[in-house]
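Chemist: Just upload-v2.cif, nothing more (mmCIF, C-alpha atoms):
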```
data_my_file
loop_
_atom_site.label_atom_id
_atom_site.label_comp_id
_atom_site.auth_asym_id
_atom_site.auth_seq_id
_atom_site.Cartn_x
_atom_site.Cartn_y
_atom_site.Cartn_z
CA MET A 6 41.64 41.39 -0.60
CA LYS A 7 38.96 44.04 -0.92
CA LYS A 8 35.67 44.60 0.92
CA VAL A 9 34.07 42.08 3.25
CA ILE A 10 31.33 40.73 1.06
CA ARG A 11 27.61 40.21 1.22
CA MET A 12 26.45 36.73 0.30
CA LEU A 13 23.87 34.95 -1.83
CA THR A 14 22.16 31.62 -2.60
CA SER A 15 22.02 28.56 -4.88
CA VAL A 16 22.37 28.35 -8.66
CA VAL A 17 19.20 28.53 -10.79
CA LEU A 18 18.95 28.30 -14.60
CA ILE A 19 16.59 30.43 -16.69
CA LEU A 20 15.90 30.96 -20.39
CA CYS A 21 17.66 33.63 -22.43
CA MET A 22 15.42 36.50 -23.52
CA THR A 23 15.85 39.57 -25.71
CA ALA A 24 16.35 43.14 -24.44
CA GLY A 25 13.23 44.82 -23.14
CA LEU A 26 11.49 41.50 -22.40
CA SER A 27 11.38 40.01 -18.94
CA ILE A 28 12.77 36.81 -17.49
CA SER A 29 11.31 35.09 -14.48
CA VAL A 30 12.97 34.01 -11.26
CA PRO A 31 11.34 31.28 -9.17
CA ASP A 32 10.04 32.40 -5.79
CA THR A 33 12.78 30.59 -3.91
CA ALA A 34 12.70 30.18 -0.13
CA TYR A 35 16.18 31.38 0.72
CA ALA A 36 17.88 29.00 3.14
CA ALA A 37 21.04 31.13 3.34
CA SER A 38 23.15 28.05 2.71
CA ALA A 39 25.55 29.19 -0.03
CA TYR A 40 26.29 32.51 -1.69
CA VAL A 41 28.05 34.21 -4.59
CA GLN A 42 29.61 37.24 -2.97
CA GLU A 43 28.90 40.62 -4.55
CA TYR A 44 32.54 41.68 -4.80
CA SER A 45 34.10 38.23 -5.26
CA ASP A 46 36.26 37.45 -8.27
CA MET A 47 34.42 36.56 -11.47
CA ILE A 48 35.93 35.66 -14.83
CA GLY A 49 34.32 36.02 -18.25
CA GLN A 50 36.28 33.92 -20.74
CA GLY A 51 35.59 31.71 -23.75
CA GLY A 52 31.81 32.13 -23.51
CA TYR A 53 31.77 31.12 -19.83
CA ILE A 54 31.28 32.97 -16.55
CA TYR A 55 33.33 31.54 -13.64
CA TYR A 56 32.17 32.42 -10.12
CA ILE A 57 32.59 31.32 -6.49
CA ARG A 58 29.79 30.12 -4.19
CA THR A 59 30.60 30.06 -0.47
CA SER A 60 28.77 28.18 2.25
CA GLU A 61 27.56 30.22 5.20
CA LYS A 62 27.64 27.22 7.53
CA ASN A 63 31.23 26.05 7.21
CA GLY A 64 33.01 28.44 4.80
CA SER A 65 33.54 25.80 2.12
CA ALA A 66 33.45 27.06 -1.47
CA VAL A 67 32.81 25.84 -5.00
CA ILE A 68 33.95 27.36 -8.28
CA TRP A 69 31.13 27.07 -10.82
CA ARG A 70 31.01 28.00 -14.48
CA MET A 71 28.07 28.87 -16.69
CA LYS A 72 28.08 28.53 -20.46
CA VAL A 73 26.33 31.77 -21.34
CA ALA A 74 24.96 30.61 -24.71
CA THR A 75 23.02 27.69 -23.20
CA GLY A 76 22.68 28.52 -19.48
CA ASP A 77 24.30 25.18 -18.58
CA THR A 78 26.22 25.26 -15.28
CA SER A 79 28.82 22.85 -13.98
CA LYS A 80 30.92 22.50 -10.86
CA VAL A 81 34.62 23.15 -11.52
CA VAL A 82 36.27 22.49 -8.16
CA SER A 83 35.37 22.58 -4.46
CA GLU A 84 37.46 23.43 -1.39
CA THR A 85 36.47 22.75 2.21
CA LYS A 86 38.52 25.69 3.49
CA GLY A 87 37.03 28.31 1.15
CA ILE A 88 38.33 30.25 -1.86
CA VAL A 89 39.32 33.92 -1.64
CA ARG A 90 40.95 34.67 -5.00
CA LEU A 91 40.39 33.42 -8.54
CA ILE A 92 42.31 34.19 -11.74
CA ALA A 93 42.67 32.59 -15.17
CA CYS A 94 45.71 32.14 -17.39
CA GLY A 95 45.33 30.33 -20.69
CA GLN A 96 43.64 26.99 -19.98
CA GLN A 97 44.34 27.12 -16.23
CA LEU A 98 42.55 28.53 -13.21
CA TYR A 99 44.56 29.61 -10.16
CA TYR A 100 42.99 30.27 -6.79
CA THR A 101 43.82 30.74 -3.10
CA THR A 102 42.50 28.46 -0.37
CA ALA A 103 43.71 27.28 3.05
CA ASN A 104 45.32 23.97 3.93
CA ASP A 105 44.75 21.80 7.00
CA ASP A 106 47.20 23.97 8.97
CA SER A 107 45.14 27.10 8.15
CA GLN A 108 47.91 28.45 5.94
CA TRP A 109 47.19 30.10 2.59
CA GLU A 110 47.83 27.87 -0.39
CA VAL A 111 47.79 28.42 -4.17
CA ARG A 112 46.16 25.71 -6.25
CA THR A 113 45.51 25.28 -9.96
CA CYS A 114 43.22 23.25 -12.19
CA ARG A 115 42.12 23.17 -15.80
CA LEU A 116 39.16 25.30 -16.85
CA ASN A 117 36.87 22.28 -16.52
CA GLY A 118 38.22 21.38 -13.06
CA ASP A 119 40.51 18.52 -14.08
CA ASP A 120 44.02 17.99 -12.69
CA VAL A 121 43.85 19.92 -9.40
CA GLN A 122 47.35 20.58 -8.05
CA THR A 123 48.92 22.56 -5.23
CA VAL A 124 51.33 25.16 -6.60
CA CYS A 125 52.83 26.64 -3.42
CA GLU A 126 52.07 28.15 -0.03
CA GLY A 127 50.80 31.72 -0.18
CA SER A 128 48.15 33.85 -1.90
CA VAL A 129 48.03 34.05 -5.71
CA CYS A 130 48.39 37.46 -7.37
CA TYR A 131 48.86 36.96 -11.10
CA ALA A 132 49.98 34.36 -13.61
CA ASP A 133 51.34 34.51 -17.14
CA GLY A 134 52.66 31.82 -19.46
CA GLU A 135 55.95 31.56 -17.56
CA ASN A 136 55.40 32.33 -13.87
CA VAL A 137 52.86 32.29 -11.07
CA TYR A 138 53.23 35.34 -8.82
CA TYR A 139 52.15 35.00 -5.22
CA ILE A 140 52.68 36.43 -1.74
CA ARG A 141 54.22 34.02 0.76
CA TYR A 142 53.67 34.56 4.48
CA VAL A 143 56.31 33.59 7.04
CA LYS A 144 55.16 32.98 10.63
CA GLY A 145 52.30 35.44 10.10
CA THR A 146 54.61 38.44 10.55
CA GLN A 147 56.49 38.76 7.28
CA ALA A 148 55.47 38.56 3.63
CA SER A 149 57.40 38.17 0.38
CA LEU A 150 56.40 38.57 -3.24
CA CYS A 151 57.61 35.52 -5.14
CA ALA A 152 57.50 34.08 -8.65
CA LYS A 153 57.42 30.35 -9.37
CA ALA A 154 58.41 29.20 -12.86
CA ILE A 155 55.65 27.04 -14.35
CA ASP A 156 58.04 24.79 -16.31
CA THR A 157 60.88 24.28 -13.82
CA GLY A 158 59.30 25.04 -10.44
CA GLU A 159 62.15 27.43 -9.61
CA VAL A 160 61.14 30.06 -7.05
CA THR A 161 62.41 33.66 -7.16
CA THR A 162 61.90 36.00 -4.20
CA ILE A 163 61.27 39.45 -5.69
CA LYS A 164 60.59 41.64 -2.64
CA THR A 165 60.23 41.00 1.09
CA ALA A 166 58.24 43.31 3.33
CA LYS A 167 59.52 44.09 6.80
CA THR A 168 57.74 42.93 9.95
CA ASP A 169 55.77 46.19 10.26
CA GLN A 170 54.91 46.32 6.56
CA THR A 171 52.16 44.91 4.36
CA ILE A 172 52.67 43.99 0.71
CA ASP A 173 49.73 43.30 -1.60
CA TYR A 174 48.81 42.99 -5.27
CA VAL A 175 46.64 45.57 -7.06
CA CYS A 176 46.32 44.63 -10.75
CA ASN A 177 48.06 43.81 -14.02
CA ILE A 178 48.22 46.20 -16.97
CA GLY A 179 49.73 45.13 -20.27
CA GLY A 180 52.14 42.59 -18.81
CA GLU A 181 53.22 44.79 -15.91
CA SER A 182 51.77 44.13 -12.47
CA TYR A 183 51.41 46.61 -9.62
CA TYR A 184 51.86 46.17 -5.87
CA TYR A 185 51.89 48.43 -2.85
CA VAL A 186 53.85 48.25 0.40
CA TYR A 187 52.30 49.89 3.47
CA ASP A 188 54.45 50.73 6.50
CA ARG A 189 52.44 50.75 9.72
CA LYS A 190 55.12 52.62 11.68
CA THR A 191 55.31 55.58 9.31
CA ASP A 192 51.71 55.34 8.02
CA LYS A 193 53.02 55.64 4.46
CA LEU A 194 52.83 53.49 1.37
CA ALA A 195 54.81 52.98 -1.80
CA LEU A 196 53.46 51.88 -5.17
CA TYR A 197 55.62 49.50 -7.22
CA CYS A 198 55.57 48.31 -10.81
CA LEU A 199 56.88 44.83 -11.54
CA HIS A 200 58.21 44.26 -15.05
CA THR A 201 57.30 40.60 -15.40
CA ALA A 202 59.67 40.05 -18.33
CA THR A 203 62.64 40.73 -16.03
CA ASN A 204 61.06 40.33 -12.55
CA LYS A 205 62.46 43.76 -11.66
CA MET A 206 60.45 45.92 -9.28
CA ILE A 207 60.48 49.73 -9.58
CA ARG A 208 58.92 52.20 -7.15
CA VAL A 209 56.69 54.58 -9.10
CA ALA A 210 55.07 56.63 -6.30
CA ALA A 211 55.09 57.21 -2.55
CA GLU A 212 52.13 58.48 -0.54
CA LYS A 213 51.12 59.35 3.02
CA ARG A 214 47.72 59.68 4.65
CA VAL A 215 45.82 62.76 3.47
CA ALA A 216 42.82 62.43 5.85
CA ASP A 217 42.10 60.92 9.25
CA GLY A 218 41.63 57.19 8.95
CA THR A 219 41.03 54.20 11.15
CA SER A 220 42.86 51.55 9.17
CA GLY A 221 45.99 51.04 7.11
CA LEU A 222 46.55 52.64 3.72
CA LEU A 223 46.22 50.65 0.51
CA VAL A 224 45.96 51.14 -3.24
CA SER A 225 42.52 49.94 -4.36
CA ASP A 226 42.74 50.37 -8.15
CA ILE A 227 44.96 51.50 -11.03
CA ARG A 228 44.28 52.53 -14.64
CA GLN A 229 46.63 53.46 -17.46
CA ILE A 230 45.24 55.94 -20.00
CA ASN A 231 47.20 57.56 -22.83
CA GLY A 232 50.47 56.72 -21.11
CA GLU A 233 49.40 58.25 -17.79
CA LEU A 234 48.94 56.17 -14.66
CA TYR A 235 45.93 56.81 -12.39
CA TYR A 236 45.77 55.24 -8.94
CA ASP A 237 43.28 55.36 -6.05
CA PHE A 238 44.75 55.11 -2.54
CA GLY A 239 43.24 55.48 0.93
CA SER A 240 41.52 53.25 3.49
CA TYR A 241 38.24 51.58 4.41
CA GLU A 242 36.87 53.42 7.43
CA GLY A 243 34.20 53.11 10.10
CA SER A 244 31.97 50.18 11.02
CA GLY A 245 30.59 50.14 7.48
CA GLY A 246 34.01 49.90 5.86
CA PHE A 247 33.35 52.84 3.53
CA TRP A 248 36.14 53.80 1.16
CA ASN A 249 37.86 57.19 1.63
CA GLY A 250 40.37 57.62 -1.15
CA THR A 251 42.44 60.00 -3.22
CA ILE A 252 42.93 59.60 -6.97
CA LYS A 253 46.26 60.76 -8.36
CA LYS A 254 47.93 60.45 -11.73
CA LEU A 255 51.52 60.18 -12.94
CA THR A 256 51.93 62.10 -16.18
CA VAL A 257 54.03 60.98 -19.12
CA ASP A 258 56.85 63.30 -17.98
CA GLY A 259 56.81 61.84 -14.46
CA LYS A 260 54.89 64.56 -12.63
CA LYS A 261 52.34 63.64 -9.95
CA LYS A 262 48.99 65.42 -9.88
CA THR A 263 45.91 65.11 -7.66
CA VAL A 264 42.74 64.28 -9.55
CA ALA A 265 40.27 64.00 -6.63
CA LYS A 266 40.11 63.81 -2.83
CA SER A 267 37.60 62.20 -0.46
CA VAL A 268 36.61 59.72 -3.15
CA GLY A 269 33.93 57.21 -2.20
CA ASP A 270 34.66 54.73 -5.03
CA ASP A 271 37.35 52.08 -4.57
CA GLN A 272 37.42 51.49 -8.34
CA ILE A 273 38.49 54.00 -10.99
CA ILE A 274 35.69 54.45 -13.54
CA THR A 275 36.66 55.80 -16.95
CA GLY A 276 34.96 56.32 -20.27
CA SER A 277 36.39 57.30 -23.63
CA ARG A 278 37.04 60.91 -22.60
CA GLU A 279 36.30 61.28 -18.89
CA LEU A 280 36.90 59.78 -15.46
CA TYR A 281 33.90 59.60 -13.11
CA PHE A 282 33.92 59.64 -9.32
CA SER A 283 31.72 60.38 -6.34
CA THR A 284 32.79 61.87 -3.02
CA SER A 285 32.09 60.52 0.44
CA ARG A 286 29.39 63.21 0.71
CA GLY A 287 27.59 61.83 -2.33
CA ASP A 288 28.56 64.52 -4.86
CA ASN A 289 29.29 63.37 -8.42
CA TYR A 290 32.07 64.63 -10.69
CA LYS A 291 33.51 64.01 -14.13
CA TYR A 292 37.17 64.69 -14.90
CA ASN A 293 38.22 65.42 -18.47
CA LEU A 294 41.13 63.10 -19.25
CA LYS A 295 42.57 65.54 -21.79
CA THR A 296 42.17 68.94 -20.10
CA GLY A 297 42.13 67.90 -16.41
CA LYS A 298 38.98 69.96 -15.82
CA LYS A 299 36.56 68.75 -13.14
CA THR A 300 32.81 69.31 -13.49
CA LYS A 301 30.14 68.55 -10.90
CA TYR A 302 27.00 66.91 -12.20
CA SER A 303 23.73 65.72 -10.72
CA LEU A 304 22.44 62.22 -10.14
CA LYS A 305 19.04 62.87 -8.62
CA PHE A 306 18.52 61.01 -5.36
CA GLU A 307 15.24 59.10 -5.40
CA LYS A 308 13.79 56.31 -3.30
CA ASP A 309 14.19 52.87 -4.92
CA ILE A 310 16.65 54.18 -7.55
CA ASN A 311 20.25 52.90 -7.82
CA TYR A 312 22.90 54.17 -10.24
CA SER A 313 25.86 52.26 -11.69
CA VAL A 314 28.39 54.09 -13.86
CA LEU A 315 29.98 51.76 -16.41
CA GLY A 316 32.20 53.90 -18.59
CA ASP A 317 30.33 56.16 -21.01
CA LYS A 318 26.93 54.85 -19.89
CA THR A 319 25.18 55.14 -16.52
CA TYR A 320 22.55 52.55 -15.61
CA MET A 321 19.54 53.57 -13.49
CA ALA A 322 17.78 50.68 -11.75
CA ASP A 323 14.25 51.17 -10.40
CA THR A 324 13.02 48.69 -7.76
CA SER A 325 9.75 50.50 -6.92
CA ASN A 326 7.64 47.84 -8.67
CA SER A 327 7.25 44.76 -6.46
CA LYS A 328 7.05 42.45 -9.50
CA LYS A 329 9.87 43.67 -11.73
CA ILE A 330 13.12 45.62 -11.87
CA VAL A 331 13.48 48.15 -14.68
CA ILE A 332 16.90 49.43 -15.75
CA SER A 333 17.27 52.49 -17.98
CA ARG A 334 20.52 54.02 -19.17
CA PHE A 335 21.88 57.40 -20.23
CA THR A 336 25.11 59.24 -21.04
CA SER A 337 27.48 59.28 -18.07
CA GLY A 338 28.26 62.65 -16.54
CA THR A 339 24.81 64.05 -17.38
CA ASP A 340 21.40 64.36 -15.73
CA ARG A 341 19.78 61.56 -17.78
CA GLU A 342 20.78 62.93 -21.17
CA THR A 343 19.98 60.56 -24.09
CA LEU A 344 17.91 58.46 -21.71
CA THR A 345 16.87 55.02 -22.97
CA LYS A 346 13.98 53.93 -20.80
CA ASN A 347 13.33 50.27 -19.95
CA PHE A 348 16.67 49.20 -21.42
CA ILE A 349 16.40 46.00 -19.37
CA SER A 350 13.31 44.60 -17.61
CA ILE A 351 13.58 41.72 -15.14
CA SER A 352 10.56 39.95 -13.68
CA PHE A 353 11.34 39.78 -9.97
CA LYS A 354 8.91 39.09 -7.13
CA GLN A 355 9.97 41.07 -4.08
CA LYS A 356 9.39 39.78 -0.58
CA ALA A 357 7.47 41.88 1.92
CA GLY A 358 9.70 43.63 4.47
CA VAL A 359 12.82 43.27 2.35
CA SER A 360 14.66 46.22 0.75
CA TYR A 361 16.28 45.63 -2.65
CA GLY A 362 19.32 47.29 -4.18
CA VAL A 363 20.90 46.90 -7.60
CA SER A 364 24.54 47.22 -8.67
CA MET A 365 26.32 46.40 -11.93
CA LYS A 366 29.85 45.54 -13.00
CA GLN A 367 31.64 44.41 -16.14
CA VAL A 368 33.11 40.90 -16.36
CA GLY A 369 34.86 40.28 -19.65
CA ILE A 370 32.40 41.18 -22.43
CA TYR A 371 29.39 40.84 -20.12
CA ASN A 372 27.54 43.20 -17.80
CA MET A 373 26.64 41.58 -14.49
CA ILE A 374 23.57 42.82 -12.61
CA CYS A 375 23.46 42.08 -8.88
CA VAL A 376 20.11 42.36 -7.06
CA THR A 377 20.53 42.22 -3.28
CA GLY A 378 17.73 41.83 -0.73
CA ILE A 379 18.32 43.15 2.81
CA ASP A 380 16.03 42.73 5.82
CA TYR A 381 16.53 45.78 8.04
CA THR A 382 13.90 44.64 10.56
CA ASP A 383 16.15 41.95 12.09
CA PRO A 384 17.85 43.71 15.06
CA SER A 385 20.53 41.03 15.39
CA TYR A 386 22.26 42.35 12.26
CA GLY A 387 22.30 46.00 13.35
CA TRP A 388 22.08 48.90 10.92
CA ARG A 389 23.59 46.84 8.08
CA GLY A 390 20.55 44.57 7.94
CA LYS A 391 20.38 40.86 7.22
CA PRO A 392 21.16 39.74 3.64
CA VAL A 393 18.36 37.41 2.54
CA SER A 394 18.97 37.06 -1.22
CA ILE A 395 21.21 38.06 -4.08
CA ASN A 396 20.39 37.30 -7.71
CA TRP A 397 22.81 37.73 -10.61
CA TYR A 398 21.82 38.50 -14.21
CA ILE A 399 24.03 38.47 -17.30
CA THR A 400 23.55 40.87 -20.22
CA ASP A 401 25.52 41.90 -23.26
CA GLY A 402 26.29 45.51 -24.18
CA ALA A 403 23.01 45.82 -26.08
CA GLY A 404 21.01 44.98 -22.96
CA THR A 405 20.05 41.47 -24.02
CA LEU A 406 19.46 39.25 -21.01
CA LEU A 407 21.58 36.13 -21.42
CA GLY A 408 21.11 34.22 -18.20
CA SER A 409 20.95 34.23 -14.41
CA PHE A 410 22.30 32.47 -11.35
CA GLN A 411 22.02 32.75 -7.58
#
```
Produce structure tokens that represent the structure in this file.
Modeler:
Amino acid sequence: MKKVIRMLTSVVLILCMTAGLSISVPDTAYAASAYVQEYSDMIGQGGYIYYIRTSEKNGSAVIWRMKVATGDTSKVVSETKGIVRLIACGQQLYYTTANDDSQWEVRTCRLNGDDVQTVCEGSVCYADGENVYYIRYVKGTQASLCAKAIDTGEVTTIKTAKTDQTIDYVCNIGGESYYYVYDRKTDKLALYCLHTATNKMIRVAAEKRVADGTSGLLVSDIRQINGELYYDFGSYEGSGGFWNGTIKKLTVDGKKKTVAKSVGDDQIITGSRELYFSTSRGDNYKYNLKTGKKTKYSLKFEKDINYSVLGDKTYMADTSNSKKIVISRFTSGTDRETLTKNFISISFKQKAGVSYGVSMKQVGIYNMICVTGIDYTDPSYGWRGKPVSINWYITDGAGTLLGSFQ
């Protein structure tokens, strides 16, 4: 599981509008009752967005889905013990919740929420047409990666971590899934590739800590480009849980090379020709995927400006206007080269005393815009501030606003 997440509020429907025009959000009085977490799992599939709303009061959660073309939303399934992972396979959703004994449990349902069933104890990692892969915990001290056959129910234990080790899932690439094992005694980790066709696990890399850290090592993200494997490993550090990572690559001939150190991004961002990263000091670099050359570039720091790099395009969100948010975009790795101003404009009434930030991510074929409001005047929340609102907006690649939810 990745970062501890900020929260947001209830679902609201709005009309679809074209790029460059604005859409309105009602001036809702935020009761802080339920939230869609900024970094929680979202799925874009079959014209729907699937997302999780979690209650602040009791931790219960609901999976919702929105039909993007119409803005219609519907409840898929609810769990009183919360939901911490969500994946899709064919016509099925798989997710992780807790049972009455506070043990992790994998459940499944159809895309519309019908036929909810418990699959097994543990935390779901990945599913294909034949198996559900999950991590099973034994007495809270030992964990095993297992596969359960969908047709027969037969369970295969693939790898068991020792008492002082942690095993966790990273991602799936082209039918092969990746996991890491971290050893707390040695402060080292190993990266494994699981060939799902054979359920054989192969160690592809081993790493040790390259900088002082306050928490265990993990692999946060992996990409495969032109036959080469890029992975980001490190730890979340300090009271803010900021990522301090190292990006390395395995070449086609099996050699390991360092791409970047002191990386502040826990996701690997790539375009058609370059990889983009920022350091923990706030410097920005692009790495040529063909030549391996690194080049520093500028993203001018300005008040009320947030940047999101999504592949070959960087999105610049301006929150200085109290009645709207304006997002422009330009070529990634440049200082606003080929700038398209006012690519997206969102009518948004800001509340006095609240600071607003904007981030973006890709979910399926959609770009998701997250607008977060933080009240830094409430001393009970410390330097992090009190989250008071988060609004989500859906756009296509052309910048057309397709819908919104909270």
Chemist: Quick check on the file I pasted: which residues fall under the PyMOL selection byres ((chain A and resi 340) around 12)? Write them as a PyMOL selection string.
Modeler: chain A and resi 289-290+301-306+312+318-321+334-339+341-344
Chemist: Using the chain letters and numbering of this document, enumerate as a ChimeraX atom specification the residues selected by the PyMOL selection byres ((chain A and resi 68-76) around 8).
Modeler: /A:18-21,52-58,66-67,77-83,407-409
Chemist: What gap, in Å, lies between atom CA of Val393 of chain A and atom CA of Ile379 of chain A?
Modeler: 5.7 Å
Chemist: Need the shell around Thr59 of chain A: protein/DNA/RNA residues with any atom at most 7 Å away, counting only C-alpha atoms. Skip same-chain ones fewer than 2 positions apart. Format as a list in words?
Modeler: Ala39, Tyr40, Val41, Ile57, Glu61, Gly64, Ser65, Ala66, Val67 and Gly87 of chain A
Chemist: For the file shown, report as a PyMOL selection string the outcome of the PyMOL selection byres ((chain A and resi 240-246) around 12) at residue level.
Modeler: chain A and resi 6-10+187+192-194+213-225+237-239+247-251+267-271+285+387-390
Chemist: Using C-alpha atoms, can you export the residues from the last selection as a compact mmCIF listing (two decimals), keeping the file's coordinate frame?
Modeler:
```txt
# COMPACT_ATOMS: atom_id res chain seq x y z
CA MET A 6 41.64 41.39 -0.60
CA LYS A 7 38.96 44.04 -0.92
CA LYS A 8 35.67 44.60 0.92
CA VAL A 9 34.07 42.08 3.25
CA ILE A 10 31.33 40.73 1.06
CA TYR A 187 52.30 49.89 3.47
CA ASP A 192 51.71 55.34 8.02
CA LYS A 193 53.02 55.64 4.46
CA LEU A 194 52.83 53.49 1.37
CA LYS A 213 51.12 59.35 3.02
CA ARG A 214 47.72 59.68 4.65
CA VAL A 215 45.82 62.76 3.47
CA ALA A 216 42.82 62.43 5.85
CA ASP A 217 42.10 60.92 9.25
CA GLY A 218 41.63 57.19 8.95
CA THR A 219 41.03 54.20 11.15
CA SER A 220 42.86 51.55 9.17
CA GLY A 221 45.99 51.04 7.11
CA LEU A 222 46.55 52.64 3.72
CA LEU A 223 46.22 50.65 0.51
CA VAL A 224 45.96 51.14 -3.24
CA SER A 225 42.52 49.94 -4.36
CA ASP A 237 43.28 55.36 -6.05
CA PHE A 238 44.75 55.11 -2.54
CA GLY A 239 43.24 55.48 0.93
CA PHE A 247 33.35 52.84 3.53
CA TRP A 248 36.14 53.80 1.16
CA ASN A 249 37.86 57.19 1.63
CA GLY A 250 40.37 57.62 -1.15
CA THR A 251 42.44 60.00 -3.22
CA SER A 267 37.60 62.20 -0.46
CA VAL A 268 36.61 59.72 -3.15
CA GLY A 269 33.93 57.21 -2.20
CA ASP A 270 34.66 54.73 -5.03
CA ASP A 271 37.35 52.08 -4.57
CA SER A 285 32.09 60.52 0.44
CA GLY A 387 22.30 46.00 13.35
CA TRP A 388 22.08 48.90 10.92
CA ARG A 389 23.59 46.84 8.08
CA GLY A 390 20.55 44.57 7.94
```
Chemist: Would you work out the distance separating atom CA of Asp188 of chain A from atom CA of Ser283 of chain A, expressed in Å to one decimal?
Modeler: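 These atoms are spaced 27.8 Å apart.
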Chemist: Using only C-alpha atoms, can you tell me which of A:Asn136, A:Ser350, A:Gln367, A:Thr300 comes closest to Gly49 of chain A?
Modeler: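 Distance minimum relative to Gly49 of chain A lands on A:Gln367.
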Chemist: Quick one: pull the distance between atom CA of Asp309 of chain A and atom CA of Pro392 of chain A, Å, one decimal.
Modeler: 17.2 Å
Chemist: Thr123 of chain A: which residues within 9 Å, counting all atoms listed in the file, same-chain residues fewer than 5 positions away excluded, as a compact mmCIF listing (two decimals) with C-alpha atoms, keeping the file's coordinate frame?
Modeler:
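And here is the file that came out, around00.txt:
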```
# COMPACT_ATOMS: atom_id res chain seq x y z
CA GLU A 110 47.83 27.87 -0.39
CA VAL A 111 47.79 28.42 -4.17
CA ARG A 112 46.16 25.71 -6.25
CA THR A 113 45.51 25.28 -9.96
```
Chemist: Skip Ile207 of chain A itself and residues of its chain fewer than 3 positions away, then list as a ChimeraX atom specification all residues within 12 Å of it, counting all atoms listed in the file.
Modeler: /A:163-164,181-185,195-201,203-204,210-211
Chemist: Counting all atoms listed in the file, which residues sit no farther than 8 Å from the position (44.3, 29.2, -9.5) in the file's frame? I'd like them as a list of chain:residue names.
Modeler: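 Collected hits near the coordinates: A:Arg90, A:Leu91, A:Ile92, A:Ala93, A:Gln97, A:Leu98, A:Tyr99, A:Tyr100, A:Thr101, A:Val111, A:Arg112, A:Thr113, A:Cys114, A:Val129.
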